[in-house]
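S.K.: Okay, handing you the structure first.
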Amino acid sequence: MSSTTTAHAPKGLEGVVATTSSICYIDGDQGVLAYRGIDIHELADHSTFEETCYLLWAGRLPSRNELKEVRQSLAEERKLDPAIINLLRSVPKHVVAMDVLRTAVSALSFYDADETSNDHQANVRKSIRLTSQIAMIVAAFDRIRKGKPIVEPDRSLSHAANFLLMLNGTKPSTTAERALDIALILHADHELNASTFAARVTAATLSDMHSAVTSAIGCLKGPLHGGANEAVFHILEAIDTAGADPVAHIKAMLAQKNKVPGFGHRVYHTEDPRATHLRKMSRDLGQSNGQSKWFDMSEKIEKFIKVEKKLNANVDFYSASTYHTLGIDVDLFTPVFAVSRVSGWTAHVIEQLDDNRLIRPRADYIGPSYPQRYIPIEKR
């Protein structure tokens, strides 16, 4: 029997079911996103990033004691080997943040006590470590490249609050802490997106957790995956610098056949449920920080695109103004995506390795018909 199917694969594997998973549920027609069956709106309203991590890794919500333990474990792992700090200090000045993160995460494996073990509990421990360490790498690199001292972690703070402390050097407001906490929850997982699929493919070879996450970061770097919110903010920045009318600026872009980033989605045919929360966060943060202009511009653009192009804002559109108002530089938007998504990547690696089979699809061959004959070079 043939090991191939008779169906022709759609471009980009759109709509192809590649595996089974109990981690993330999406209904693109109804605008539903759920982790382990719990709607993202409930998690954003009631949960924390630490609790969401436990949900993704363990498959259920934690008890009070289990939540306390995972918080303590994440806090205790806020440490980097001095060699990683030296690596961050030694990179060339022109290197982009995502390249630094990719390389540093790969190097973390050198100093991980569980690196040679691929069993379930070891992978859970590595998931906790990587979630804490990736946040520290992003914050430490930003301080180093700006000539500022690295801020020591505060293990009494939440994951979100500690990240903002290490990034900006000051303890964040309650509003800022909660805004980032919700953003981390919203970005934690999204089924078989490009980076998650890359992580699972790497894990399926019986490679290791660090290699799988490094593969995922390499995918996330691409502007068609993780870089769209950077493109959104560059547009907002250009409008602000020119003192232009936001709608007029977008009309000019469309007239030149340029795409407006932050709208539409491969999966959702209605509003991206993550955008619902990020819109409110962008508004609330702007009002509390006196920087409401970024939300105001975004809102005008969103309303115009919805009428003109019948497209809804996706997760990237309002995350741009939200991250900027939190004091995050535009080239850190994608690394901050990784600060959250590492929880989902590692959950998928754990799931893959718990019931593994090598991922080996086939290609639909469309080349010259077989057999073609070899032509000696003197006759070509």
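Numbering starts fresh at 1 for the residues of each chain in the structure tokens, the chains themselves are lettered A, B, ... in the order given, and ligands are numbered from 1 as they appear.
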Identify all residues of region 212-279 of chain A in alpha helix (DSSP H) (DSSP on the backbone) and supply them as a PyMOL selection string.
M.R.: chain A and resi 212-220+228-242+246-255+273-279
S.K.: Quick one: residues within 12 Å of His234 (chain A), only C-alpha atoms counted, chain neighbours fewer than 6 positions away excluded, as a PyMOL selection string?
M.R.: chain A and resi 227-228+240-241+260-262+294+317+320-321+324+329-331+333
S.K.: How about saving the chosen residues, C-alpha atoms kept, as a PDB file, in the first residue's frame?
M.R.:
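Writing the result to selection-v2.pdb gives the following:
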ATOM      1  CA  GLY A 227       6.934  40.687  13.600  1.00  0.00           C
ATOM      2  CA  ALA A 228       3.572  42.148  12.586  1.00  0.00           C
ATOM      3  CA  ASP A 240       2.714  60.772  14.729  1.00  0.00           C
ATOM      4  CA  THR A 241       6.007  62.129  13.383  1.00  0.00           C
ATOM      5  CA  VAL A 260      -1.904  47.295   6.474  1.00  0.00           C
ATOM      6  CA  PRO A 261      -0.462  44.968   9.134  1.00  0.00           C
ATOM      7  CA  GLY A 262      -2.522  43.912  12.149  1.00  0.00           C
ATOM      8  CA  TRP A 294      -1.462  55.790  20.334  1.00  0.00           C
ATOM      9  CA  PHE A 317      -2.792  45.479  16.070  1.00  0.00           C
ATOM     10  CA  ALA A 320       1.711  47.429  19.369  1.00  0.00           C
ATOM     11  CA  SER A 321       0.319  50.420  21.264  1.00  0.00           C
ATOM     12  CA  HIS A 324       4.884  50.797  23.622  1.00  0.00           C
ATOM     13  CA  ASP A 329      11.028  49.292  22.585  1.00  0.00           C
ATOM     14  CA  VAL A 330       9.577  48.367  19.206  1.00  0.00           C
ATOM     15  CA  ASP A 331      12.320  45.854  18.373  1.00  0.00           C
ATOM     16  CA  PHE A 333       7.868  43.410  20.672  1.00  0.00           C
TER      17      PHE A 333
END
S.K.: Which is closest to Ala179 (chain A) among A:Ala194, A:Ala252, A:Val138, A:Leu285, if we use only C-alpha atoms?
M.R.: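 Of A:Ala194, A:Ala252, A:Val138, A:Leu285, the one nearest Ala179 (chain A), counting only C-alpha atoms, is A:Leu285.
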S.K.: Which residues are close to Arg274 (chain A), i.e. within 10 Å by only C-alpha atoms, leaving aside same-chain residues fewer than 4 positions away? Reply as a ChimeraX atom specification.
M.R.: /A:31-33,40-41,44,182-183,185-187,278-279,313-316,318-319
S.K.: Counting only C-alpha atoms, figure out which residue out of A:Val95, A:Ile217, A:Met253, A:Ile239 gets nearest to Ile305 (chain A).
M.R.: A:Met253
S.K.: Excluding same-chain residues fewer than 4 positions from Tyr25 (chain A), what lies within 9 Å of it counting only C-alpha atoms, as number ranges by chain?
M.R.: A: 21, 32-39, 190-191
S.K.: Of the candidates A:Glu308, A:Cys53, A:Lys259, A:Leu88, which one gets nearest to Val342 (chain A) if we count only C-alpha atoms?
M.R.: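 Between A:Glu308, A:Cys53, A:Lys259, A:Leu88, the residue approaching Val342 (chain A) most closely is A:Cys53.
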S.K.: Distance table requested - region 147-251 of chain A against region 360-368 of chain A, cut-off 10 Å, only C-alpha atoms: one row per qualifying residue with the closest atom pair and its distance in Å to one decimal, ordered by chain and rising residue number, as a tab-separated table.
M.R.:
residue	atom	partner	partner_atom	distance
A:Val201	CA	A:Arg360	CA	8.5
A:Ala204	CA	A:Arg360	CA	9.4
A:Thr205	CA	A:Arg360	CA	9.7
S.K.: What lies within 10 Å of Glu177 (chain A) using only C-alpha atoms, ignoring chain neighbours under 3 positions off, as a PyMOL selection string?
M.R.: chain A and resi 157-165+171-174+180-183+326
S.K.: Quick one: distance from CA of Lys306 (chain A) to CA of His269 (chain A) in Å, one decimal?
M.R.: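 Distance reported for this atom pair: 12.8 Å.
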S.K.: Between A:Glu271, A:Glu76, A:Glu152, A:Asp142, which residue has the minimum interatomic distance to Lys93 (chain A), considering only C-alpha atoms?
M.R.: A:Asp142
S.K.: Find the residues near Val100 (chain A): any atom within 12 Å, counting only C-alpha atoms, skip ones fewer than 3 places away on the same chain, and give them as an MDAnalysis selection string.
M.R.: chainID A and resid 84:85 87:97 103:107 134 137:142 145 214 217:218 221 331:332 335
